[in-house]
>>> print(open('coords_3.cif').read())   # mmCIF, C-alpha atoms
data_final
#
loop_
_atom_site.group_PDB
_atom_site.id
_atom_site.type_symbol
_atom_site.label_atom_id
_atom_site.label_comp_id
_atom_site.auth_asym_id
_atom_site.auth_seq_id
_atom_site.Cartn_x
_atom_site.Cartn_y
_atom_site.Cartn_z
ATOM 1 C CA MET A 1 5.320 -85.603 82.314
ATOM 2 C CA THR A 2 7.759 -83.794 84.554
ATOM 3 C CA ALA A 3 7.053 -80.408 86.146
ATOM 4 C CA GLY A 4 9.631 -78.700 83.935
ATOM 5 C CA LEU A 5 8.030 -79.987 80.757
ATOM 6 C CA LEU A 6 4.559 -79.046 82.020
ATOM 7 C CA THR A 7 5.570 -75.435 82.739
ATOM 8 C CA PHE A 8 7.190 -75.271 79.304
ATOM 9 C CA TRP A 9 4.004 -76.364 77.535
ATOM 10 C CA VAL A 10 1.851 -73.973 79.575
ATOM 11 C CA LEU A 11 4.192 -71.069 78.772
ATOM 12 C CA ALA A 12 4.410 -72.050 75.093
ATOM 13 C CA ALA A 13 0.613 -72.242 74.815
ATOM 14 C CA MET A 14 0.301 -68.826 76.495
ATOM 15 C CA ALA A 15 2.906 -67.311 74.156
ATOM 16 C CA VAL A 16 1.209 -68.661 71.020
ATOM 17 C CA ALA A 17 -2.297 -67.719 72.218
ATOM 18 C CA SER A 18 -1.321 -64.166 73.144
ATOM 19 C CA ALA A 19 0.532 -63.711 69.830
ATOM 20 C CA ALA A 20 -2.621 -64.874 68.023
ATOM 21 C CA GLY A 21 -4.582 -62.388 70.131
ATOM 22 C CA VAL A 22 -2.331 -59.539 68.957
ATOM 23 C CA VAL A 23 -2.948 -60.466 65.327
ATOM 24 C CA LEU A 24 -6.671 -61.276 65.542
ATOM 25 C CA LYS A 25 -8.086 -58.538 67.788
ATOM 26 C CA ARG A 26 -9.722 -55.675 65.881
ATOM 27 C CA ASN A 27 -9.158 -53.013 68.540
ATOM 28 C CA PRO A 28 -5.461 -52.009 68.691
ATOM 29 C CA ILE A 29 -5.601 -51.400 72.451
ATOM 30 C CA HIS A 30 -6.568 -55.079 72.960
ATOM 31 C CA SER A 31 -3.667 -56.029 70.684
ATOM 32 C CA ALA A 32 -1.304 -53.939 72.826
ATOM 33 C CA LEU A 33 -2.498 -55.643 76.033
ATOM 34 C CA PHE A 34 -2.068 -59.077 74.425
ATOM 35 C CA LEU A 35 1.429 -57.960 73.417
ATOM 36 C CA VAL A 36 2.248 -57.233 77.079
ATOM 37 C CA VAL A 37 1.125 -60.773 78.023
ATOM 38 C CA HIS A 38 3.172 -62.188 75.149
ATOM 39 C CA LEU A 39 6.346 -60.335 76.155
ATOM 40 C CA ALA A 40 5.967 -61.327 79.810
ATOM 41 C CA THR A 41 5.509 -64.973 78.781
ATOM 42 C CA LEU A 42 8.688 -64.788 76.714
ATOM 43 C CA ALA A 43 10.500 -63.401 79.761
ATOM 44 C CA ALA A 44 9.333 -66.491 81.662
ATOM 45 C CA LEU A 45 10.594 -68.729 78.827
ATOM 46 C CA PHE A 46 13.987 -66.960 78.990
ATOM 47 C CA LEU A 47 14.041 -67.593 82.737
ATOM 48 C CA LYS A 48 13.305 -71.253 82.088
ATOM 49 C CA MET A 49 16.349 -71.385 79.793
ATOM 50 C CA ARG A 50 18.508 -69.923 82.599
ATOM 51 C CA ALA A 51 18.853 -66.553 80.809
ATOM 52 C CA GLU A 52 18.173 -64.562 83.979
ATOM 53 C CA PHE A 53 19.639 -61.257 82.782
ATOM 54 C CA LEU A 54 17.644 -61.362 79.549
ATOM 55 C CA ALA A 55 14.419 -62.160 81.397
ATOM 56 C CA THR A 56 14.897 -59.064 83.565
ATOM 57 C CA VAL A 57 15.797 -56.856 80.595
ATOM 58 C CA GLN A 58 12.820 -58.244 78.681
ATOM 59 C CA VAL A 59 10.426 -57.196 81.441
ATOM 60 C CA ILE A 60 12.010 -53.744 81.847
ATOM 61 C CA VAL A 61 12.550 -52.824 78.187
ATOM 62 C CA TYR A 62 9.818 -54.701 76.338
ATOM 63 C CA ALA A 63 6.938 -55.238 78.739
ATOM 64 C CA GLY A 64 7.703 -51.901 80.384
ATOM 65 C CA ALA A 65 9.004 -49.266 78.000
ATOM 66 C CA ILE A 66 7.960 -50.519 74.571
ATOM 67 C CA ALA A 67 4.468 -51.569 75.653
ATOM 68 C CA ILE A 68 3.915 -48.155 77.294
ATOM 69 C CA LEU A 69 5.106 -46.488 74.081
ATOM 70 C CA PHE A 70 2.549 -48.490 72.073
ATOM 71 C CA VAL A 71 -0.283 -47.602 74.450
ATOM 72 C CA PHE A 72 0.666 -43.919 74.300
ATOM 73 C CA ALA A 73 0.749 -43.989 70.499
ATOM 74 C CA ILE A 74 -2.717 -45.618 70.421
ATOM 75 C CA MET A 75 -4.054 -42.953 72.795
ATOM 76 C CA VAL A 76 -2.639 -40.186 70.559
ATOM 77 C CA LEU A 77 -3.947 -41.729 67.347
ATOM 78 C CA ILE A 78 -7.611 -42.318 68.363
ATOM 79 C CA PRO A 79 -8.138 -46.013 67.532
ATOM 80 C CA GLY A 80 -11.249 -47.931 66.612
ATOM 81 C CA ARG A 81 -12.109 -46.338 63.279
ATOM 82 C CA GLU A 82 -9.538 -48.184 61.196
ATOM 83 C CA GLU A 83 -10.027 -51.485 59.390
ATOM 84 C CA THR A 84 -13.799 -51.064 59.167
ATOM 85 C CA GLY A 85 -14.331 -49.939 55.584
ATOM 86 C CA PRO A 86 -14.246 -52.153 52.482
ATOM 87 C CA ASP A 87 -10.966 -53.941 51.930
ATOM 88 C CA PRO A 88 -9.374 -53.060 48.559
ATOM 89 C CA LEU A 89 -6.783 -55.852 48.833
ATOM 90 C CA ARG A 90 -9.006 -58.682 50.070
ATOM 91 C CA ALA A 91 -7.612 -61.309 47.675
ATOM 92 C CA GLN A 92 -4.048 -60.579 48.783
ATOM 93 C CA ARG A 93 -5.013 -60.900 52.455
ATOM 94 C CA LEU A 94 -6.714 -64.245 51.849
ATOM 95 C CA LEU A 95 -3.588 -65.356 50.006
ATOM 96 C CA ALA A 96 -1.472 -64.402 53.038
ATOM 97 C CA VAL A 97 -2.841 -67.319 55.110
ATOM 98 C CA PRO A 98 -1.612 -70.155 52.817
ATOM 99 C CA VAL A 99 1.669 -68.275 52.351
ATOM 100 C CA ALA A 100 2.184 -68.168 56.123
ATOM 101 C CA GLY A 101 1.271 -71.867 56.313
ATOM 102 C CA LEU A 102 3.872 -72.628 53.661
ATOM 103 C CA LEU A 103 6.453 -70.654 55.655
ATOM 104 C CA LEU A 104 5.659 -72.750 58.733
ATOM 105 C CA VAL A 105 6.025 -75.989 56.772
ATOM 106 C CA LEU A 106 9.359 -74.845 55.328
ATOM 107 C CA LEU A 107 10.633 -73.869 58.792
ATOM 108 C CA ALA A 108 9.516 -77.228 60.207
ATOM 109 C CA VAL A 109 11.261 -79.160 57.418
ATOM 110 C CA MET A 110 14.424 -77.127 57.883
ATOM 111 C CA LEU A 111 14.457 -77.544 61.669
ATOM 112 C CA ARG A 112 13.775 -81.274 61.478
ATOM 113 C CA SER A 113 16.619 -81.931 59.058
ATOM 114 C CA THR A 114 19.994 -81.958 60.803
ATOM 115 C CA LEU A 115 20.127 -79.137 63.318
ATOM 116 C CA PHE A 116 19.456 -81.229 66.406
ATOM 117 C CA ALA A 117 21.453 -84.336 65.556
ATOM 118 C CA GLY A 118 23.944 -84.403 68.444
ATOM 119 C CA PRO A 119 23.252 -85.072 72.113
ATOM 120 C CA GLU A 120 21.681 -82.457 74.382
ATOM 121 C CA PRO A 121 24.110 -80.467 76.569
ATOM 122 C CA ALA A 122 24.292 -81.746 80.146
ATOM 123 C CA ALA A 123 23.618 -78.438 81.905
ATOM 124 C CA PRO A 124 22.416 -75.064 80.563
ATOM 125 C CA VAL A 125 24.672 -72.011 80.546
ATOM 126 C CA ALA A 126 23.531 -69.668 83.316
ATOM 127 C CA GLY A 127 23.208 -66.184 81.842
ATOM 128 C CA GLY A 128 23.506 -64.062 84.975
ATOM 129 C CA VAL A 129 24.571 -60.412 85.031
ATOM 130 C CA ALA A 130 28.227 -61.288 85.687
ATOM 131 C CA THR A 131 28.487 -63.724 82.758
ATOM 132 C CA ILE A 132 26.714 -61.470 80.253
ATOM 133 C CA GLY A 133 28.639 -58.411 81.450
ATOM 134 C CA ARG A 134 31.971 -60.139 81.003
ATOM 135 C CA VAL A 135 31.098 -61.113 77.415
ATOM 136 C CA LEU A 136 29.695 -57.673 76.585
ATOM 137 C CA PHE A 137 32.776 -55.835 77.808
ATOM 138 C CA THR A 138 35.346 -58.169 76.238
ATOM 139 C CA ASP A 139 34.247 -59.972 73.050
ATOM 140 C CA TYR A 140 31.430 -57.560 72.157
ATOM 141 C CA LEU A 141 32.942 -54.293 73.355
ATOM 142 C CA TYR A 142 32.890 -52.559 69.978
ATOM 143 C CA PRO A 143 29.241 -53.455 69.122
ATOM 144 C CA PHE A 144 28.303 -52.460 72.660
ATOM 145 C CA GLU A 145 29.775 -48.979 72.182
ATOM 146 C CA VAL A 146 28.140 -48.625 68.754
ATOM 147 C CA THR A 147 24.804 -49.453 70.426
ATOM 148 C CA SER A 148 25.070 -46.260 72.492
ATOM 149 C CA VAL A 149 25.485 -44.233 69.286
ATOM 150 C CA LEU A 150 22.463 -46.015 67.788
ATOM 151 C CA LEU A 151 20.284 -45.162 70.772
ATOM 152 C CA LEU A 152 21.476 -41.530 70.694
ATOM 153 C CA VAL A 153 20.672 -41.239 66.979
ATOM 154 C CA ALA A 154 17.210 -42.743 67.600
ATOM 155 C CA LEU A 155 16.629 -40.256 70.438
ATOM 156 C CA VAL A 156 17.558 -37.218 68.356
ATOM 157 C CA GLY A 157 15.704 -38.559 65.291
ATOM 158 C CA VAL A 158 12.478 -39.113 67.226
ATOM 159 C CA MET A 159 12.570 -35.591 68.604
ATOM 160 C CA ALA A 160 13.183 -34.162 65.122
ATOM 161 C CA LEU A 161 10.302 -36.247 63.704
ATOM 162 C CA ALA A 162 7.793 -35.507 66.443
ATOM 163 C CA LYS A 163 8.450 -31.768 66.629
ATOM 164 C CA ARG A 164 5.664 -29.598 65.220
ATOM 165 C CA ARG A 165 6.828 -27.355 62.403
ATOM 166 C CA VAL A 166 6.457 -23.703 63.455
ATOM 167 C CA ALA A 167 5.630 -21.719 60.354
ATOM 168 C CA MET B 1 15.294 -80.461 81.231
ATOM 169 C CA VAL B 2 13.241 -79.429 78.188
ATOM 170 C CA PRO B 3 15.014 -80.162 74.857
ATOM 171 C CA THR B 4 16.201 -77.014 73.096
ATOM 172 C CA SER B 5 14.469 -78.124 69.885
ATOM 173 C CA TYR B 6 11.102 -77.513 71.596
ATOM 174 C CA TYR B 7 12.017 -73.875 72.183
ATOM 175 C CA VAL B 8 13.092 -73.459 68.556
ATOM 176 C CA GLY B 9 9.786 -75.006 67.433
ATOM 177 C CA VAL B 10 7.796 -72.537 69.545
ATOM 178 C CA SER B 11 9.938 -69.744 68.122
ATOM 179 C CA ALA B 12 9.134 -70.865 64.555
ATOM 180 C CA VAL B 13 5.382 -70.858 65.310
ATOM 181 C CA LEU B 14 5.606 -67.383 66.859
ATOM 182 C CA PHE B 15 7.569 -66.075 63.866
ATOM 183 C CA VAL B 16 4.903 -67.318 61.461
ATOM 184 C CA ILE B 17 2.136 -65.708 63.546
ATOM 185 C CA GLY B 18 4.042 -62.408 63.436
ATOM 186 C CA ALA B 19 4.563 -62.672 59.673
ATOM 187 C CA LEU B 20 0.841 -63.379 59.228
ATOM 188 C CA GLY B 21 0.047 -60.276 61.277
ATOM 189 C CA VAL B 22 2.273 -58.115 59.084
ATOM 190 C CA LEU B 23 0.547 -59.501 55.973
ATOM 191 C CA VAL B 24 -3.109 -59.305 56.988
ATOM 192 C CA ARG B 25 -3.430 -56.240 59.212
ATOM 193 C CA ARG B 26 -4.009 -52.718 57.896
ATOM 194 C CA ASN B 27 -3.304 -50.676 61.026
ATOM 195 C CA PRO B 28 0.418 -49.752 61.083
ATOM 196 C CA LEU B 29 0.465 -49.950 64.903
ATOM 197 C CA VAL B 30 -0.634 -53.592 64.856
ATOM 198 C CA ILE B 31 1.870 -54.297 62.065
ATOM 199 C CA PHE B 32 4.536 -52.897 64.381
ATOM 200 C CA MET B 33 3.381 -55.188 67.197
ATOM 201 C CA SER B 34 3.593 -58.146 64.799
ATOM 202 C CA ILE B 35 7.173 -57.150 63.957
ATOM 203 C CA GLU B 36 7.902 -57.161 67.698
ATOM 204 C CA ILE B 37 6.507 -60.707 67.890
ATOM 205 C CA MET B 38 8.848 -61.768 65.072
ATOM 206 C CA LEU B 39 11.853 -60.131 66.780
ATOM 207 C CA ASN B 40 10.994 -61.916 70.006
ATOM 208 C CA ALA B 41 10.686 -65.230 68.191
ATOM 209 C CA ALA B 42 14.197 -64.679 66.817
ATOM 210 C CA ASN B 43 15.420 -63.861 70.333
ATOM 211 C CA LEU B 44 13.964 -67.106 71.646
ATOM 212 C CA ALA B 45 15.741 -69.026 68.882
ATOM 213 C CA PHE B 46 19.012 -67.202 69.673
ATOM 214 C CA VAL B 47 18.882 -68.197 73.335
ATOM 215 C CA ALA B 48 17.847 -71.766 72.509
ATOM 216 C CA PHE B 49 20.676 -72.253 69.999
ATOM 217 C CA GLY B 50 23.119 -70.664 72.440
ATOM 218 C CA GLN B 51 22.104 -73.175 75.115
ATOM 219 C CA ARG B 52 22.327 -75.964 72.570
ATOM 220 C CA HIS B 53 25.965 -75.100 71.857
ATOM 221 C CA GLY B 54 26.761 -74.365 75.489
ATOM 222 C CA SER B 55 27.676 -70.784 74.636
ATOM 223 C CA ILE B 56 26.747 -67.406 76.109
ATOM 224 C CA ASP B 57 27.080 -65.592 72.759
ATOM 225 C CA GLY B 58 23.439 -66.185 71.834
ATOM 226 C CA GLN B 59 22.314 -64.267 74.896
ATOM 227 C CA ALA B 60 24.753 -61.417 74.154
ATOM 228 C CA LEU B 61 23.252 -61.123 70.658
ATOM 229 C CA VAL B 62 19.739 -60.962 72.116
ATOM 230 C CA PHE B 63 20.893 -57.942 74.124
ATOM 231 C CA PHE B 64 21.800 -56.145 70.879
ATOM 232 C CA VAL B 65 18.513 -57.161 69.253
ATOM 233 C CA LEU B 66 16.734 -55.587 72.228
ATOM 234 C CA CYS B 67 18.620 -52.306 71.722
ATOM 235 C CA VAL B 68 17.846 -52.210 68.003
ATOM 236 C CA ALA B 69 14.174 -53.058 68.687
ATOM 237 C CA ALA B 70 13.884 -50.217 71.196
ATOM 238 C CA ALA B 71 15.357 -47.717 68.704
ATOM 239 C CA GLU B 72 13.172 -49.108 65.911
ATOM 240 C CA VAL B 73 9.943 -48.805 67.897
ATOM 241 C CA ALA B 74 10.705 -45.228 68.958
ATOM 242 C CA VAL B 75 11.504 -44.051 65.406
ATOM 243 C CA GLY B 76 8.654 -46.058 63.845
ATOM 244 C CA LEU B 77 6.000 -44.716 66.209
ATOM 245 C CA ALA B 78 7.261 -41.161 65.633
ATOM 246 C CA ILE B 79 6.897 -41.694 61.876
ATOM 247 C CA ILE B 80 3.374 -43.093 62.322
ATOM 248 C CA VAL B 81 2.369 -40.082 64.450
ATOM 249 C CA ALA B 82 3.830 -37.715 61.846
ATOM 250 C CA ILE B 83 1.902 -39.474 59.033
ATOM 251 C CA PHE B 84 -1.295 -39.332 61.090
ATOM 252 C CA ARG B 85 -0.874 -35.569 61.583
ATOM 253 C CA LEU B 86 -0.474 -35.139 57.846
ATOM 254 C CA ARG B 87 -3.279 -37.454 56.632
ATOM 255 C CA ARG B 88 -5.692 -37.849 59.601
ATOM 256 C CA ARG B 89 -6.180 -41.506 58.623
ATOM 257 C CA LEU B 90 -4.283 -44.608 59.527
ATOM 258 C CA SER B 91 -4.204 -47.368 56.927
ATOM 259 C CA VAL B 92 -1.080 -48.670 55.246
ATOM 260 C CA ASP B 93 -2.919 -49.321 51.973
ATOM 261 C CA GLU B 94 -3.490 -45.603 51.435
ATOM 262 C CA LEU B 95 0.138 -44.655 51.974
ATOM 263 C CA SER B 96 1.334 -44.903 48.393
ATOM 264 C CA LEU B 97 2.875 -41.417 48.170
ATOM 265 C CA MET B 98 6.364 -42.722 47.531
ATOM 266 C CA ARG B 99 5.250 -45.142 44.835
ATOM 267 C CA GLY B 100 7.162 -44.481 41.614
#
>>> encode(input="coords_3.cif", output="structure tokens")
Amino acid sequence: MTAGLLTFWVLAAMAVASAAGVVLKRNPIHSALFLVVHLATLAALFLKMRAEFLATVQVIVYAGAIAILFVFAIMVLIPGREETGPDPLRAQRLLAVPVAGLLLVLLAVMLRSTLFAGPEPAAPVAGGVATIGRVLFTDYLYPFEVTSVLLLVALVGVMALAKRRVA
Amino acid sequence: MVPTSYYVGVSAVLFVIGALGVLVRRNPLVIFMSIEIMLNAANLAFVAFGQRHGSIDGQALVFFVLCVAAAEVAVGLAIIVAIFRLRRRLSVDELSLMRG
């Protein structure tokens, strides 16, 4: 086994284990910390696929900003008391496990069919800042500008939602 | 070099874990985290398919997914905080106010 393959399997195992930790941990603050590990591992996987710009953005936006936002929300909302009482929808939750298993089987069948028939590309495309920037400001210029409007709308909407009503 | 199909396989597993989290958890915060896992699985698949086709477009799309995810998390958490102020409890099963 080559070093590249070994690092891939280690990273993949970390990503799957931390994702399982997010889902299985009862305390939401533990889930949030597992989420940080998961997002950082995905940044490493991006780096392994030569998507350098995305790996950096992943660490800054996801593992930085979004994870902090989650931790703040948990602090505001006083965790630990939820999901302790009797479960009114227990049968549905037990049913969710075979349904998820079926989804995995379907995905596996679909991915095994014809998607990877041809030969592997010789060298990966390096996604540095210059390459991504050129694509964003030529082919994807219009979506890129619309993104700024989206973020502005989200900003204003969050402030309107979070503001306390003064009677 | 690791075959791109391996990355897509990992992405499929991560997506299923995220979907399972959305289905089984009751805390809306953890459901949100599971949605983030699913979005990240899709991002991984985007980059892998982009590399497979020797194209940079997959990585450009991931950039837009990141922007939408950031906006979604901010608005979603604000809604959760607003619901918590109104109801003082946090369980998605009890939020049936809009049920027809």
>>> interface_residues(input="coords_3.cif", of="chain A", to="chain B", cutoff="6 Å", atoms="all atoms listed in the file", output="number ranges by chain")
A: 5, 23, 93, 100, 124-125, 151, 154, 158, 162
>>> atom_distance(input="coords_3.cif", atom1="atom CA of A:Ala67", atom2="atom CA of A:Leu150")
20.4 Å
>>> resolve_selection(input="coords_3.cif", expression="the PyMOL selection byres ((chain A and resi 24-35) around 7)", output="number ranges by chain")
A: 18-23, 36-39, 67, 70-71, 74, 79-80; B: 30
>>> atom_distance(input="coords_3.cif", atom1="atom CA of A:Lys163", atom2="atom CA of A:Ile66")
20.4 Å
>>> atom_distance(input="coords_3.cif", atom1="atom CA of A:Val61", atom2="atom CA of A:Leu141")
21.0 Å
>>> resolve_selection(input="coords_3.cif", expression="the PyMOL selection byres ((chain A and resi 53) around 10)", output="JSON, numbers by chain")
{"A": [43, 46, 47, 50, 51, 52, 54, 55, 56, 57, 58, 126, 127, 128, 129, 130, 131, 132, 133], "B": [59, 63]}
>>> residues_near_point(input="coords_3.cif", point="(-4.5, -52.9, 49.5)", cutoff="8 Å", atoms="only C-alpha atoms", output="PyMOL selection string")
(chain A and resi 87-90+92) or (chain B and resi 92-94)
>>> residues_around(input="coords_3.cif", residues="A:Gly4", least_positions_apart="2", cutoff="10 Å", atoms="only C-alpha atoms", output="ChimeraX atom specification")
/A:1-2,6-9,48 /B:1-2
>>> axis_aligned_box(input="coords_3.cif", around="stretch 22-37 of chain A", padding_each_side="4 Å", output="AutoDock Vina command-line options")
--center_x -3.7 --center_y -56.3 --center_z 71.7 --size_x 20.0 --size_y 17.9 --size_z 20.7
>>> decode(input="coords_3.cif", residues="stretch 28-131 of chain A", atoms="C-alpha atoms", output="mmCIF file, in the first residue's frame")
data_model
loop_
_atom_site.group_PDB
_atom_site.id
_atom_site.type_symbol
_atom_site.label_atom_id
_atom_site.label_comp_id
_atom_site.auth_asym_id
_atom_site.auth_seq_id
_atom_site.Cartn_x
_atom_site.Cartn_y
_atom_site.Cartn_z
ATOM 1 C CA PRO A 28 -25.081 18.561 21.374
ATOM 2 C CA ILE A 29 -21.806 20.207 22.418
ATOM 3 C CA HIS A 30 -19.997 16.877 21.813
ATOM 4 C CA SER A 31 -21.736 16.686 18.432
ATOM 5 C CA ALA A 32 -20.482 20.188 17.591
ATOM 6 C CA LEU A 33 -16.886 19.256 18.498
ATOM 7 C CA PHE A 34 -17.123 16.089 16.382
ATOM 8 C CA LEU A 35 -18.432 18.293 13.567
ATOM 9 C CA VAL A 36 -15.281 20.444 13.792
ATOM 10 C CA VAL A 37 -13.120 17.298 13.461
ATOM 11 C CA HIS A 38 -15.255 16.139 10.537
ATOM 12 C CA LEU A 39 -14.962 19.450 8.674
ATOM 13 C CA ALA A 40 -11.202 19.627 9.237
ATOM 14 C CA THR A 41 -10.831 16.063 7.923
ATOM 15 C CA LEU A 42 -12.788 17.009 4.810
ATOM 16 C CA ALA A 43 -10.441 19.965 4.322
ATOM 17 C CA ALA A 44 -7.554 17.477 4.389
ATOM 18 C CA LEU A 45 -9.360 15.289 1.824
ATOM 19 C CA PHE A 46 -9.818 18.362 -0.417
ATOM 20 C CA LEU A 47 -6.100 19.062 -0.073
ATOM 21 C CA LYS A 48 -5.372 15.482 -1.078
ATOM 22 C CA MET A 49 -7.427 16.029 -4.245
ATOM 23 C CA ARG A 50 -5.328 19.129 -5.053
ATOM 24 C CA ALA A 51 -8.222 21.508 -4.252
ATOM 25 C CA GLU A 52 -6.008 23.865 -2.247
ATOM 26 C CA PHE A 53 -8.315 26.893 -2.366
ATOM 27 C CA LEU A 54 -11.307 24.856 -1.206
ATOM 28 C CA ALA A 55 -9.330 23.312 1.650
ATOM 29 C CA THR A 56 -8.439 26.793 2.915
ATOM 30 C CA VAL A 57 -12.001 28.084 2.523
ATOM 31 C CA GLN A 58 -13.306 24.957 4.247
ATOM 32 C CA VAL A 59 -11.147 25.616 7.305
ATOM 33 C CA ILE A 60 -12.014 29.333 7.426
ATOM 34 C CA VAL A 61 -15.752 29.170 6.689
ATOM 35 C CA TYR A 62 -16.815 25.771 7.999
ATOM 36 C CA ALA A 63 -14.415 24.777 10.757
ATOM 37 C CA GLY A 64 -14.096 28.422 11.776
ATOM 38 C CA ALA A 65 -17.264 30.438 11.312
ATOM 39 C CA ILE A 66 -20.009 27.823 11.107
ATOM 40 C CA ALA A 67 -18.656 25.701 13.959
ATOM 41 C CA ILE A 68 -18.383 28.805 16.182
ATOM 42 C CA LEU A 69 -21.970 29.703 15.260
ATOM 43 C CA PHE A 70 -23.134 26.228 16.335
ATOM 44 C CA VAL A 71 -21.277 26.432 19.646
ATOM 45 C CA PHE A 72 -22.753 29.872 20.332
ATOM 46 C CA ALA A 73 -26.264 28.633 19.558
ATOM 47 C CA ILE A 74 -25.778 25.671 21.938
ATOM 48 C CA MET A 75 -24.558 28.031 24.671
ATOM 49 C CA VAL A 76 -27.635 30.256 24.188
ATOM 50 C CA LEU A 77 -30.075 27.348 24.132
ATOM 51 C CA ILE A 78 -28.954 25.509 27.321
ATOM 52 C CA PRO A 79 -28.381 21.937 26.082
ATOM 53 C CA GLY A 80 -28.569 18.627 27.876
ATOM 54 C CA ARG A 81 -32.263 18.487 28.726
ATOM 55 C CA GLU A 82 -33.498 17.464 25.294
ATOM 56 C CA GLU A 83 -33.977 13.924 24.016
ATOM 57 C CA THR A 84 -34.379 12.476 27.508
ATOM 58 C CA GLY A 85 -38.131 12.016 27.824
ATOM 59 C CA PRO A 86 -40.208 9.224 26.267
ATOM 60 C CA ASP A 87 -40.032 9.065 22.498
ATOM 61 C CA PRO A 88 -43.474 9.444 20.861
ATOM 62 C CA LEU A 89 -42.170 8.401 17.426
ATOM 63 C CA ARG A 90 -40.008 5.434 18.426
ATOM 64 C CA ALA A 91 -41.261 3.125 15.655
ATOM 65 C CA GLN A 92 -40.459 5.716 12.988
ATOM 66 C CA ARG A 93 -36.934 6.186 14.359
ATOM 67 C CA LEU A 94 -36.293 2.439 14.351
ATOM 68 C CA LEU A 95 -37.569 2.356 10.778
ATOM 69 C CA ALA A 96 -35.073 5.089 9.834
ATOM 70 C CA VAL A 97 -32.092 2.707 10.184
ATOM 71 C CA PRO A 98 -33.176 0.183 7.490
ATOM 72 C CA VAL A 99 -34.262 3.093 5.283
ATOM 73 C CA ALA A 100 -30.786 4.627 5.536
ATOM 74 C CA GLY A 101 -29.266 1.202 4.819
ATOM 75 C CA LEU A 102 -31.427 0.911 1.718
ATOM 76 C CA LEU A 103 -30.266 4.369 0.608
ATOM 77 C CA LEU A 104 -26.643 3.254 0.971
ATOM 78 C CA VAL A 105 -27.280 0.106 -1.068
ATOM 79 C CA LEU A 106 -29.006 2.117 -3.803
ATOM 80 C CA LEU A 107 -26.126 4.620 -3.914
ATOM 81 C CA ALA A 108 -23.592 1.777 -4.090
ATOM 82 C CA VAL A 109 -25.462 0.079 -6.948
ATOM 83 C CA MET A 110 -25.739 3.361 -8.821
ATOM 84 C CA LEU A 111 -22.063 4.245 -8.358
ATOM 85 C CA ARG A 112 -20.884 0.778 -9.361
ATOM 86 C CA SER A 113 -22.865 0.757 -12.594
ATOM 87 C CA THR A 114 -21.194 2.839 -15.299
ATOM 88 C CA LEU A 115 -19.884 6.046 -13.782
ATOM 89 C CA PHE A 116 -16.252 4.994 -13.525
ATOM 90 C CA ALA A 117 -15.886 3.058 -16.763
ATOM 91 C CA GLY A 118 -13.147 5.069 -18.497
ATOM 92 C CA PRO A 119 -9.496 5.373 -17.517
ATOM 93 C CA GLU A 120 -8.357 7.552 -14.616
ATOM 94 C CA PRO A 121 -7.023 11.014 -15.550
ATOM 95 C CA ALA A 122 -3.225 11.184 -15.621
ATOM 96 C CA ALA A 123 -2.804 14.183 -13.315
ATOM 97 C CA PRO A 124 -5.300 16.002 -11.058
ATOM 98 C CA VAL A 125 -6.408 19.560 -11.777
ATOM 99 C CA ALA A 126 -4.699 21.869 -9.284
ATOM 100 C CA GLY A 127 -7.349 24.138 -7.786
ATOM 101 C CA GLY A 128 -5.206 27.039 -6.603
ATOM 102 C CA VAL A 129 -6.477 30.571 -5.997
ATOM 103 C CA ALA A 130 -5.507 31.728 -9.503
ATOM 104 C CA THR A 131 -7.339 28.888 -11.279
#
